[in-house]
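Chemist: Following this line is input-v9.cif, made up of mmCIF, C-alpha atoms (C1' of nucleotides):
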```
data_protein
#
loop_
_atom_site.label_atom_id
_atom_site.label_comp_id
_atom_site.auth_asym_id
_atom_site.auth_seq_id
_atom_site.Cartn_x
_atom_site.Cartn_y
_atom_site.Cartn_z
CA MET A 1 18.01 8.24 47.32
CA LYS A 2 20.96 8.36 49.62
CA THR A 3 23.30 5.41 49.39
CA THR A 4 26.04 6.62 51.63
CA LYS A 5 27.88 4.04 53.61
CA TYR A 6 29.81 5.25 56.60
CA ASN A 7 33.12 3.72 57.48
CA ILE A 8 32.63 4.92 61.03
CA PRO A 9 29.41 6.14 62.64
CA VAL A 10 30.73 9.57 63.52
CA GLU A 11 30.66 10.38 59.83
CA ALA A 12 26.89 10.55 60.13
CA THR A 13 27.37 13.32 62.67
CA LEU A 14 29.80 15.17 60.46
CA GLU A 15 27.37 14.97 57.58
CA VAL A 16 24.84 16.90 59.64
CA ILE A 17 26.96 19.42 61.57
CA GLY A 18 30.11 19.44 59.44
CA GLY A 19 31.28 22.42 57.46
CA LYS A 20 32.35 25.87 58.39
CA TRP A 21 29.15 27.35 59.74
CA LYS A 22 26.64 24.83 61.04
CA VAL A 23 28.07 24.38 64.51
CA VAL A 24 28.30 28.13 64.94
CA ILE A 25 24.70 28.59 63.83
CA LEU A 26 23.49 25.81 66.10
CA CYS A 27 25.42 27.16 69.07
CA HIS A 28 23.41 30.34 68.76
CA LEU A 29 20.09 28.63 68.13
CA LYS A 30 20.52 26.34 71.12
CA GLU A 31 20.42 29.44 73.32
CA GLN A 32 17.47 31.17 71.72
CA THR A 33 15.18 31.29 68.76
CA LEU A 34 16.52 33.77 66.24
CA ARG A 35 15.41 35.56 63.11
CA PHE A 36 17.38 35.47 59.88
CA SER A 37 18.65 39.01 60.31
CA GLU A 38 19.58 38.37 63.92
CA LEU A 39 21.71 35.40 62.90
CA GLN A 40 23.38 37.56 60.30
CA ARG A 41 24.20 40.16 62.89
CA ILE A 42 25.70 37.83 65.48
CA ILE A 43 27.67 35.89 62.86
CA PRO A 44 29.36 38.86 61.24
CA ASN A 45 31.46 36.93 58.73
CA ILE A 46 28.72 34.91 57.12
CA THR A 47 27.10 36.00 53.89
CA LYS A 48 23.39 35.86 53.30
CA LYS A 49 23.94 33.16 50.74
CA MET A 50 25.85 30.88 53.10
CA LEU A 51 23.49 31.53 55.99
CA SER A 52 20.48 30.76 53.84
CA GLN A 53 22.13 27.66 52.43
CA GLN A 54 23.23 26.25 55.77
CA LEU A 55 19.84 26.94 57.33
CA ARG A 56 18.10 25.12 54.51
CA GLU A 57 20.36 22.10 54.92
CA LEU A 58 19.87 22.00 58.67
CA GLU A 59 16.13 22.26 58.15
CA HIS A 60 16.24 19.47 55.57
CA ASP A 61 18.14 17.28 58.02
CA GLY A 62 15.45 17.87 60.63
CA ILE A 63 17.72 19.76 63.01
CA ILE A 64 16.08 23.16 62.93
CA LYS A 65 12.57 24.44 62.41
CA ARG A 66 11.66 27.39 60.20
CA THR A 67 8.65 29.43 61.22
CA LEU A 68 7.29 31.91 58.73
CA TYR A 69 5.05 34.67 60.03
CA ASP A 70 2.80 36.01 57.31
CA GLU A 71 3.48 39.65 57.93
CA ILE A 72 4.71 42.68 56.10
CA PRO A 73 7.62 42.96 56.32
CA PRO A 74 8.32 39.21 56.38
CA LYS A 75 9.44 37.59 59.61
CA VAL A 76 11.09 34.19 59.88
CA GLU A 77 12.29 32.49 63.02
CA TYR A 78 14.63 29.56 63.40
CA SER A 79 14.80 27.21 66.35
CA LEU A 80 15.92 23.69 67.22
CA THR A 81 13.59 20.79 66.56
CA ASP A 82 13.35 17.88 68.99
CA GLU A 83 15.94 16.14 66.88
CA GLY A 84 18.08 19.25 67.07
CA GLU A 85 17.72 19.23 70.84
CA THR A 86 19.49 15.88 70.90
CA LEU A 87 22.55 17.76 69.69
CA ARG A 88 22.52 20.13 72.64
CA GLU A 89 24.91 18.03 74.72
CA VAL A 90 27.40 17.84 71.87
CA LEU A 91 27.16 21.55 71.19
CA ASP A 92 27.50 22.46 74.85
CA LEU A 93 30.62 20.35 75.17
CA MET A 94 32.17 21.79 72.04
CA CYS A 95 31.50 25.29 73.31
CA SER A 96 32.97 24.71 76.72
CA TRP A 97 36.00 22.95 75.25
CA GLY A 98 36.62 25.98 73.07
CA ASN A 99 36.31 28.25 76.07
CA ALA A 100 38.78 26.17 78.04
CA ARG A 101 41.26 26.15 75.19
CA ILE A 102 41.10 29.90 74.75
CA GLU A 103 41.66 30.47 78.45
CA LYS A 104 44.51 27.97 78.57
CA ASP A 105 46.54 29.68 75.90
CA PRO A 106 44.93 32.54 74.02
CA ASN A 107 47.84 32.74 71.60
CA ALA A 108 48.62 29.12 70.85
CA VAL A 109 45.47 28.75 68.86
CA ASN A 110 46.49 30.86 65.90
CA LEU A 111 50.21 30.29 65.69
CA TYR A 112 49.87 27.74 62.97
CA LYS A 113 47.58 29.26 60.39
CA GLU A 114 49.27 32.60 59.92
CA HIS A 115 47.54 33.23 56.63
CA GLU A 116 44.14 33.32 58.17
CA ARG A 117 42.38 36.63 58.42
CA GLY A 118 42.05 38.09 61.88
CA TRP A 119 38.72 39.25 63.07
CA ASP A 120 38.70 42.59 64.76
CA LYS A 121 35.08 42.55 65.72
CA THR A 122 34.44 43.98 69.11
CA LEU A 123 31.60 41.57 69.48
CA LEU A 124 32.45 38.41 71.34
CA MET B 1 51.75 40.16 66.23
CA LYS B 2 48.37 39.35 64.84
CA THR B 3 45.66 38.49 67.28
CA THR B 4 42.77 36.44 66.11
CA LYS B 5 39.53 36.90 67.93
CA TYR B 6 36.69 34.48 67.81
CA ASN B 7 33.19 35.75 67.49
CA ILE B 8 32.10 32.78 69.55
CA PRO B 9 34.31 30.44 71.58
CA VAL B 10 33.24 27.31 69.77
CA GLU B 11 35.23 28.56 66.80
CA ALA B 12 38.35 27.65 68.76
CA THR B 13 37.09 24.08 68.83
CA LEU B 14 36.36 24.08 65.14
CA GLU B 15 39.83 25.37 64.40
CA VAL B 16 41.29 22.28 66.08
CA ILE B 17 38.89 19.51 65.07
CA GLY B 18 37.23 21.11 62.06
CA GLY B 19 37.64 19.91 58.53
CA LYS B 20 36.81 16.70 56.80
CA TRP B 21 39.11 14.23 58.54
CA LYS B 22 40.25 15.25 62.01
CA VAL B 23 37.26 14.01 63.95
CA VAL B 24 37.43 10.68 62.15
CA ILE B 25 41.14 10.33 62.89
CA LEU B 26 40.64 11.25 66.53
CA CYS B 27 37.74 8.85 66.92
CA HIS B 28 40.10 6.06 65.98
CA LEU B 29 43.00 7.30 68.09
CA LYS B 30 40.81 7.69 71.17
CA GLU B 31 40.29 3.94 71.09
CA GLN B 32 43.85 2.88 70.49
CA THR B 33 47.30 3.98 69.49
CA LEU B 34 47.75 3.46 65.77
CA ARG B 35 50.50 3.47 63.20
CA PHE B 36 50.36 5.56 60.05
CA SER B 37 49.61 2.58 57.85
CA GLU B 38 46.95 1.35 60.24
CA LEU B 39 45.19 4.70 60.08
CA GLN B 40 45.36 4.54 56.31
CA ARG B 41 43.76 1.12 56.35
CA ILE B 42 40.85 1.92 58.63
CA ILE B 43 40.17 5.24 56.89
CA PRO B 44 39.98 3.88 53.36
CA ASN B 45 39.09 7.12 51.62
CA ILE B 46 41.89 9.27 52.92
CA THR B 47 44.99 9.89 50.87
CA LYS B 48 48.48 9.72 52.31
CA LYS B 49 48.86 13.41 51.78
CA MET B 50 45.73 14.33 53.69
CA LEU B 51 46.43 11.87 56.48
CA SER B 52 49.95 13.20 56.86
CA GLN B 53 48.77 16.78 56.74
CA GLN B 54 45.99 16.35 59.27
CA LEU B 55 48.23 14.41 61.64
CA ARG B 56 50.83 17.14 61.52
CA GLU B 57 48.25 19.80 62.30
CA LEU B 58 46.82 17.80 65.17
CA GLU B 59 50.32 17.27 66.50
CA HIS B 60 51.09 20.95 66.20
CA ASP B 61 47.92 21.81 68.08
CA GLY B 62 49.01 19.51 70.90
CA ILE B 63 46.18 17.04 70.42
CA ILE B 64 48.14 13.97 69.36
CA LYS B 65 51.61 12.65 70.03
CA ARG B 66 53.91 11.24 67.36
CA THR B 67 56.30 8.52 68.45
CA LEU B 68 59.07 7.55 66.08
CA TYR B 69 60.75 4.20 66.59
CA ASP B 70 64.21 4.18 65.11
CA GLU B 71 63.87 0.96 63.22
CA ILE B 72 64.18 -0.35 59.71
CA PRO B 73 61.62 -0.19 58.30
CA PRO B 74 60.41 2.96 60.05
CA LYS B 75 57.61 2.73 62.58
CA VAL B 76 55.56 5.66 63.78
CA GLU B 77 52.76 5.57 66.30
CA TYR B 78 50.11 8.19 66.98
CA SER B 79 48.17 8.60 70.19
CA LEU B 80 46.25 11.24 72.11
CA THR B 81 48.13 13.65 74.34
CA ASP B 82 46.73 14.77 77.68
CA GLU B 83 45.27 17.73 75.86
CA GLY B 84 43.82 15.35 73.31
CA GLU B 85 42.27 13.34 76.11
CA THR B 86 40.21 16.38 77.06
CA LEU B 87 38.47 15.92 73.73
CA ARG B 88 37.40 12.37 74.53
CA GLU B 89 34.02 13.41 75.92
CA VAL B 90 33.27 15.45 72.84
CA LEU B 91 34.35 12.67 70.51
CA ASP B 92 32.40 10.04 72.40
CA LEU B 93 29.25 12.12 72.23
CA MET B 94 29.67 12.81 68.54
CA CYS B 95 30.18 9.10 67.90
CA SER B 96 27.14 8.02 69.85
CA TRP B 97 25.01 10.71 68.26
CA GLY B 98 26.04 9.41 64.86
CA ASN B 99 25.17 5.90 65.92
CA ALA B 100 21.76 6.97 67.10
CA ARG B 101 21.09 8.82 63.87
CA ILE B 102 22.10 5.86 61.75
CA GLU B 103 19.78 3.61 63.68
CA LYS B 104 16.91 5.98 62.95
CA ASP B 105 17.59 5.59 59.24
CA PRO B 106 17.00 1.98 58.19
CA ASN B 107 18.53 2.64 54.81
CA ALA B 108 21.79 3.99 56.10
CA VAL B 109 22.11 1.38 58.81
CA ASN B 110 21.91 -1.41 56.31
CA LEU B 111 24.70 0.12 54.30
CA TYR B 112 26.99 0.62 57.24
CA LYS B 113 29.51 -2.02 58.11
CA GLU B 114 32.17 -1.35 60.63
CA HIS B 115 35.81 -1.47 59.60
CA GLU B 116 35.12 -3.01 56.26
CA ARG B 117 37.52 -2.03 53.55
CA GLY B 118 36.53 0.54 50.99
CA TRP B 119 33.13 1.51 49.73
CA ASP B 120 30.56 -0.98 48.64
CA LYS B 121 30.66 -0.14 44.97
CA THR B 122 27.57 -2.19 44.22
CA LEU B 123 25.59 0.44 46.11
CA LEU B 124 27.04 3.46 44.34
"C1'" DC C 1 57.05 2.12 56.09
"C1'" DT C 2 56.44 6.88 56.43
"C1'" DG C 3 56.07 10.64 54.48
"C1'" DC C 4 57.04 15.13 51.48
"C1'" DA C 5 56.74 17.55 46.73
"C1'" DT C 6 54.36 18.68 42.79
"C1'" DC C 7 50.68 19.41 40.04
"C1'" DC C 8 45.86 19.46 39.25
"C1'" DT C 9 40.76 19.35 40.18
"C1'" DT C 10 36.86 20.55 42.68
"C1'" DA C 11 33.52 22.55 45.44
"C1'" DG C 12 32.98 25.56 49.16
"C1'" DC C 13 32.67 30.09 49.67
"C1'" DG C 14 32.18 35.07 48.70
"C1'" DA C 15 30.64 39.46 46.11
"C1'" DT C 16 27.20 41.48 43.96
"C1'" DA C 17 22.81 42.22 42.06
"C1'" DC C 18 18.10 41.23 42.06
"C1'" DT C 19 13.12 39.77 43.92
"C1'" DG C 20 8.60 39.04 46.64
"C1'" DC D 1 12.94 41.51 55.84
"C1'" DA D 2 14.25 37.40 53.91
"C1'" DG D 3 15.79 35.48 50.79
"C1'" DT D 4 17.62 33.78 45.26
"C1'" DA D 5 20.59 33.97 41.15
"C1'" DT D 6 24.83 34.40 38.88
"C1'" DC D 7 29.56 34.60 38.50
"C1'" DG D 8 34.13 33.73 39.85
"C1'" DC D 9 37.92 32.85 43.01
"C1'" DT D 10 40.61 30.31 46.16
"C1'" DA D 11 41.73 27.06 49.31
"C1'" DA D 12 40.72 22.36 50.34
"C1'" DG D 13 41.37 18.16 48.71
"C1'" DG D 14 43.19 14.40 45.32
"C1'" DA D 15 46.65 11.80 42.15
"C1'" DT D 16 51.01 10.70 41.37
"C1'" DG D 17 55.90 10.37 41.98
"C1'" DC D 18 60.08 10.60 44.73
"C1'" DA D 19 62.92 9.96 49.09
"C1'" DG D 20 64.84 8.72 53.78
#
```
Could you quickly redo this structure as structure tokens?
Modeler:
Amino acid sequence: MKTTKYNIPVEATLEVIGGKWKVVILCHLKEQTLRFSELQRIIPNITKKMLSQQLRELEHDGIIKRTLYDEIPPKVEYSLTDEGETLREVLDLMCSWGNARIEKDPNAVNLYKEHERGWDKTLL
Amino acid sequence: MKTTKYNIPVEATLEVIGGKWKVVILCHLKEQTLRFSELQRIIPNITKKMLSQQLRELEHDGIIKRTLYDEIPPKVEYSLTDEGETLREVLDLMCSWGNARIEKDPNAVNLYKEHERGWDKTLL
DNA sequence: CTGCATCCTTAGCGATACTG
DNA sequence: CAGTATCGCTAAGGATGCAG
């Protein structure tokens, strides 16, 4: 039983979409239903373990829906639930804010954390 | 010079407001200018080190403004910059989404009390 | 009051191997 | 294809003390 008390309501949001990967995953799923392997491909830096873990948590929180097709080979699709759809506005805004920031100053963003690994993926 | 590329633009947003504390800090600062000690008081679980660290990063990223009053004892105020103001929509939405989610969960809503000090240890 | 320095703990995350 | 299991590292985060 969960006995968490929030000091401020936004912590409830962070509990659901916080962490390194969930917003990225949801930003893809809000555009289209995707299979596990498709998510892996368009999120190049995530490991299977993390992807699986984050998807399970999002499913547990009622944000995404997991559809298993009983085929060989297995096929699983992930999509937003109705509850997940209520996040669409938030996700859209976060995406467009990121876009605006990148266009404003493409360099300023990474001046601070020099230690961070650069991603040379051609995919964007 | 190293150039960091994002696989998806929203990662630029996460780089600025990601982590455990920044959204919480900004949700307070979007309502009012606050001193260091005031932030410490209304975010009971944050340590001085983390608060200081997160504030510095937010300042470096141009999101908040640090105003030092040359007094004894020292007085420092934090507020949103114009760039920080562009986050207000995002923050507002995240806050209201959290509110809505709490209201859906009778258990959590009963445990939540705004601006009360510390955690209710009787519930932990 | 506002913070930085130091040391330490933790848990998030990753690499790899394995399974139905 | 879609995961799980195990191990281990590292960076995030925490406790404490010192300083302007």
Chemist: With all C-alpha atoms matched in order and chain A superposed on chain B by least squares, what's the RMSD to one decimal?
Modeler: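 Across all paired C-alpha atoms, the RMSD is 5.2 Å.
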Chemist: Would you pick out the contacts of DC1 of chain D at 8 Å or less, using all atoms listed in the file, so that residues sharing its chain but fewer than 5 positions from it are not included, and give the list as a VMD selection string?
Modeler: chain A and resid 37 73 to 75
Chemist: Near chain D, which residues of chain A fall within 12 Å when you count all atoms listed in the file, and what do they look like as a PDB file with C-alpha atoms, in the frame of the given file?
Modeler:
```pdb
ATOM      1  CA  GLY A  19      31.280  22.420  57.460  1.00  0.00           C
ATOM      2  CA  ARG A  35      15.410  35.560  63.110  1.00  0.00           C
ATOM      3  CA  PHE A  36      17.380  35.470  59.880  1.00  0.00           C
ATOM      4  CA  SER A  37      18.650  39.010  60.310  1.00  0.00           C
ATOM      5  CA  GLU A  38      19.580  38.370  63.920  1.00  0.00           C
ATOM      6  CA  LEU A  39      21.710  35.400  62.900  1.00  0.00           C
ATOM      7  CA  GLN A  40      23.380  37.560  60.300  1.00  0.00           C
ATOM      8  CA  THR A  47      27.100  36.000  53.890  1.00  0.00           C
ATOM      9  CA  LYS A  48      23.390  35.860  53.300  1.00  0.00           C
ATOM     10  CA  LYS A  49      23.940  33.160  50.740  1.00  0.00           C
ATOM     11  CA  MET A  50      25.850  30.880  53.100  1.00  0.00           C
ATOM     12  CA  LEU A  51      23.490  31.530  55.990  1.00  0.00           C
ATOM     13  CA  SER A  52      20.480  30.760  53.840  1.00  0.00           C
ATOM     14  CA  GLN A  53      22.130  27.660  52.430  1.00  0.00           C
ATOM     15  CA  LEU A  55      19.840  26.940  57.330  1.00  0.00           C
ATOM     16  CA  ARG A  56      18.100  25.120  54.510  1.00  0.00           C
ATOM     17  CA  LEU A  68       7.290  31.910  58.730  1.00  0.00           C
ATOM     18  CA  TYR A  69       5.050  34.670  60.030  1.00  0.00           C
ATOM     19  CA  ASP A  70       2.800  36.010  57.310  1.00  0.00           C
ATOM     20  CA  GLU A  71       3.480  39.650  57.930  1.00  0.00           C
ATOM     21  CA  ILE A  72       4.710  42.680  56.100  1.00  0.00           C
ATOM     22  CA  PRO A  73       7.620  42.960  56.320  1.00  0.00           C
ATOM     23  CA  PRO A  74       8.320  39.210  56.380  1.00  0.00           C
ATOM     24  CA  LYS A  75       9.440  37.590  59.610  1.00  0.00           C
ATOM     25  CA  VAL A  76      11.090  34.190  59.880  1.00  0.00           C
ATOM     26  CA  GLU A  77      12.290  32.490  63.020  1.00  0.00           C
ATOM     27  CA  HIS A 115      47.540  33.230  56.630  1.00  0.00           C
ATOM     28  CA  GLU A 116      44.140  33.320  58.170  1.00  0.00           C
TER      29      GLU A 116
END
```
Chemist: Between atom CA of Cys95 of chain B and atom CA of Glu103 of chain A, what distance in Å does the model show, to one decimal?
Modeler: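 One can read the atom CA of Cys95 of chain B to atom CA of Glu103 of chain A distance as 26.5 Å.
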Chemist: Any chance you could work out the axis-aligned box around segment 4-20 of chain C, listed atoms only, 3 Å on each side, giving centre and edge lengths in Å to one decimal, as AutoDock Vina command-line options?
Modeler:
```
--center_x 32.8 --center_y 28.7 --center_z 45.4 --size_x 54.4 --size_y 33.1 --size_z 18.2
```
Chemist: What lies within 12 Å of Thr33 of chain B using only C-alpha atoms (C1' of nucleotides), ignoring chain neighbours under 3 positions off, as a PDB file with C-alpha atoms, keeping the file's coordinate frame?
Modeler:
```
ATOM      1  CA  ILE B  25      41.140  10.330  62.890  1.00  0.00           C
ATOM      2  CA  LEU B  26      40.640  11.250  66.530  1.00  0.00           C
ATOM      3  CA  CYS B  27      37.740   8.850  66.920  1.00  0.00           C
ATOM      4  CA  HIS B  28      40.100   6.060  65.980  1.00  0.00           C
ATOM      5  CA  LEU B  29      43.000   7.300  68.090  1.00  0.00           C
ATOM      6  CA  LYS B  30      40.810   7.690  71.170  1.00  0.00           C
ATOM      7  CA  PHE B  36      50.360   5.560  60.050  1.00  0.00           C
ATOM      8  CA  SER B  37      49.610   2.580  57.850  1.00  0.00           C
ATOM      9  CA  GLU B  38      46.950   1.350  60.240  1.00  0.00           C
ATOM     10  CA  LEU B  39      45.190   4.700  60.080  1.00  0.00           C
ATOM     11  CA  ILE B  64      48.140  13.970  69.360  1.00  0.00           C
ATOM     12  CA  LYS B  65      51.610  12.650  70.030  1.00  0.00           C
ATOM     13  CA  ARG B  66      53.910  11.240  67.360  1.00  0.00           C
ATOM     14  CA  THR B  67      56.300   8.520  68.450  1.00  0.00           C
ATOM     15  CA  VAL B  76      55.560   5.660  63.780  1.00  0.00           C
ATOM     16  CA  GLU B  77      52.760   5.570  66.300  1.00  0.00           C
ATOM     17  CA  TYR B  78      50.110   8.190  66.980  1.00  0.00           C
ATOM     18  CA  SER B  79      48.170   8.600  70.190  1.00  0.00           C
ATOM     19  CA  LEU B  80      46.250  11.240  72.110  1.00  0.00           C
ATOM     20  CA  THR B  81      48.130  13.650  74.340  1.00  0.00           C
TER      21      THR B  81
END
```
Chemist: Could you list, as a ChimeraX atom specification, every residue matched by the PyMOL selection byres ((chain C) within 10 of (chain B)) in this structure?
Modeler: /C:1-4
Chemist: On this structure, which residues satisfy the PyMOL selection byres ((chain B and resi 13) around 12), written as a ChimeraX atom specification?
Modeler: /A:20,23-24,90-102,109-110 /B:6,8-12,14-19,22-23,61,63,84,86-87,90-91
Chemist: Quick one: of B:Lys104, B:Arg41, B:Gln32, B:Glu89, who's nearest to chain A, counting all atoms listed in the file?
Modeler: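 Looking at the shortest contact to chain A, the residue is B:Glu89.
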Chemist: Please fill the gaps in segment 1-28 of chain A so it has N, CA and C atoms, and write that as a PDB file, in the coordinates of the input.
Modeler:
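Listing of result.pdb after writing:
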```pdb
ATOM      1  N   MET A   1      17.850   9.172  46.200  1.00  0.00           N
ATOM      2  CA  MET A   1      18.010   8.240  47.320  1.00  0.00           C
ATOM      3  C   MET A   1      19.459   8.204  47.771  1.00  0.00           C
ATOM      4  N   LYS A   2      19.614   8.298  49.054  1.00  0.00           N
ATOM      5  CA  LYS A   2      20.960   8.360  49.620  1.00  0.00           C
ATOM      6  C   LYS A   2      21.525   6.955  49.817  1.00  0.00           C
ATOM      7  N   THR A   3      22.693   6.728  49.265  1.00  0.00           N
ATOM      8  CA  THR A   3      23.300   5.410  49.390  1.00  0.00           C
ATOM      9  C   THR A   3      24.658   5.495  50.065  1.00  0.00           C
ATOM     10  N   THR A   4      24.757   6.430  50.968  1.00  0.00           N
ATOM     11  CA  THR A   4      26.040   6.620  51.630  1.00  0.00           C
ATOM     12  C   THR A   4      26.281   5.529  52.668  1.00  0.00           C
ATOM     13  N   LYS A   5      27.483   5.005  52.612  1.00  0.00           N
ATOM     14  CA  LYS A   5      27.880   4.040  53.610  1.00  0.00           C
ATOM     15  C   LYS A   5      28.998   4.663  54.443  1.00  0.00           C
ATOM     16  N   TYR A   6      28.825   4.645  55.742  1.00  0.00           N
ATOM     17  CA  TYR A   6      29.810   5.250  56.600  1.00  0.00           C
ATOM     18  C   TYR A   6      30.841   4.211  57.032  1.00  0.00           C
ATOM     19  N   ASN A   7      32.080   4.607  56.991  1.00  0.00           N
ATOM     20  CA  ASN A   7      33.120   3.720  57.480  1.00  0.00           C
ATOM     21  C   ASN A   7      33.179   3.720  58.999  1.00  0.00           C
ATOM     22  N   ILE A   8      32.681   4.797  59.571  1.00  0.00           N
ATOM     23  CA  ILE A   8      32.630   4.920  61.030  1.00  0.00           C
ATOM     24  C   ILE A   8      31.438   5.808  61.345  1.00  0.00           C
ATOM     25  N   PRO A   9      30.680   5.457  62.389  1.00  0.00           N
ATOM     26  CA  PRO A   9      29.410   6.140  62.640  1.00  0.00           C
ATOM     27  C   PRO A   9      29.505   7.651  62.772  1.00  0.00           C
ATOM     28  N   VAL A  10      30.643   8.128  63.285  1.00  0.00           N
ATOM     29  CA  VAL A  10      30.730   9.570  63.520  1.00  0.00           C
ATOM     30  C   VAL A  10      30.629  10.355  62.218  1.00  0.00           C
ATOM     31  N   GLU A  11      30.821   9.688  61.102  1.00  0.00           N
ATOM     32  CA  GLU A  11      30.660  10.380  59.830  1.00  0.00           C
ATOM     33  C   GLU A  11      29.224  10.838  59.621  1.00  0.00           C
ATOM     34  N   ALA A  12      28.289  10.126  60.214  1.00  0.00           N
ATOM     35  CA  ALA A  12      26.890  10.550  60.130  1.00  0.00           C
ATOM     36  C   ALA A  12      26.697  11.869  60.857  1.00  0.00           C
ATOM     37  N   THR A  13      27.425  12.056  61.944  1.00  0.00           N
ATOM     38  CA  THR A  13      27.370  13.320  62.670  1.00  0.00           C
ATOM     39  C   THR A  13      27.972  14.448  61.846  1.00  0.00           C
ATOM     40  N   LEU A  14      29.118  14.146  61.252  1.00  0.00           N
ATOM     41  CA  LEU A  14      29.800  15.170  60.460  1.00  0.00           C
ATOM     42  C   LEU A  14      28.968  15.584  59.253  1.00  0.00           C
ATOM     43  N   GLU A  15      28.198  14.633  58.735  1.00  0.00           N
ATOM     44  CA  GLU A  15      27.370  14.970  57.580  1.00  0.00           C
ATOM     45  C   GLU A  15      26.308  16.000  57.949  1.00  0.00           C
ATOM     46  N   VAL A  16      25.903  15.995  59.209  1.00  0.00           N
ATOM     47  CA  VAL A  16      24.840  16.900  59.640  1.00  0.00           C
ATOM     48  C   VAL A  16      25.402  18.232  60.159  1.00  0.00           C
ATOM     49  N   ILE A  17      26.449  18.182  60.967  1.00  0.00           N
ATOM     50  CA  ILE A  17      26.960  19.420  61.570  1.00  0.00           C
ATOM     51  C   ILE A  17      28.339  19.796  61.057  1.00  0.00           C
ATOM     52  N   GLY A  18      28.812  19.112  60.008  1.00  0.00           N
ATOM     53  CA  GLY A  18      30.110  19.440  59.440  1.00  0.00           C
ATOM     54  C   GLY A  18      30.069  20.746  58.667  1.00  0.00           C
ATOM     55  N   GLY A  19      31.213  21.174  58.211  1.00  0.00           N
ATOM     56  CA  GLY A  19      31.280  22.420  57.460  1.00  0.00           C
ATOM     57  C   GLY A  19      31.678  23.578  58.350  1.00  0.00           C
ATOM     58  N   LYS A  20      31.768  24.704  57.723  1.00  0.00           N
ATOM     59  CA  LYS A  20      32.350  25.870  58.390  1.00  0.00           C
ATOM     60  C   LYS A  20      31.382  26.585  59.311  1.00  0.00           C
ATOM     61  N   TRP A  21      30.090  26.456  59.071  1.00  0.00           N
ATOM     62  CA  TRP A  21      29.150  27.350  59.740  1.00  0.00           C
ATOM     63  C   TRP A  21      28.143  26.682  60.647  1.00  0.00           C
ATOM     64  N   LYS A  22      27.809  25.419  60.382  1.00  0.00           N
ATOM     65  CA  LYS A  22      26.640  24.830  61.040  1.00  0.00           C
ATOM     66  C   LYS A  22      26.756  24.782  62.556  1.00  0.00           C
ATOM     67  N   VAL A  23      27.913  24.435  63.058  1.00  0.00           N
ATOM     68  CA  VAL A  23      28.070  24.380  64.510  1.00  0.00           C
ATOM     69  C   VAL A  23      27.903  25.760  65.122  1.00  0.00           C
ATOM     70  N   VAL A  24      28.437  26.761  64.450  1.00  0.00           N
ATOM     71  CA  VAL A  24      28.300  28.130  64.940  1.00  0.00           C
ATOM     72  C   VAL A  24      26.828  28.535  64.977  1.00  0.00           C
ATOM     73  N   ILE A  25      26.130  28.271  63.891  1.00  0.00           N
ATOM     74  CA  ILE A  25      24.700  28.590  63.830  1.00  0.00           C
ATOM     75  C   ILE A  25      23.945  27.886  64.950  1.00  0.00           C
ATOM     76  N   LEU A  26      24.222  26.592  65.102  1.00  0.00           N
ATOM     77  CA  LEU A  26      23.490  25.810  66.100  1.00  0.00           C
ATOM     78  C   LEU A  26      23.812  26.252  67.524  1.00  0.00           C
ATOM     79  N   CYS A  27      25.040  26.690  67.737  1.00  0.00           N
ATOM     80  CA  CYS A  27      25.420  27.160  69.070  1.00  0.00           C
ATOM     81  C   CYS A  27      24.637  28.410  69.451  1.00  0.00           C
ATOM     82  N   HIS A  28      24.265  29.190  68.468  1.00  0.00           N
ATOM     83  CA  HIS A  28      23.410  30.340  68.760  1.00  0.00           C
ATOM     84  C   HIS A  28      21.966  29.918  68.953  1.00  0.00           C
TER      85      HIS A  28
END
```
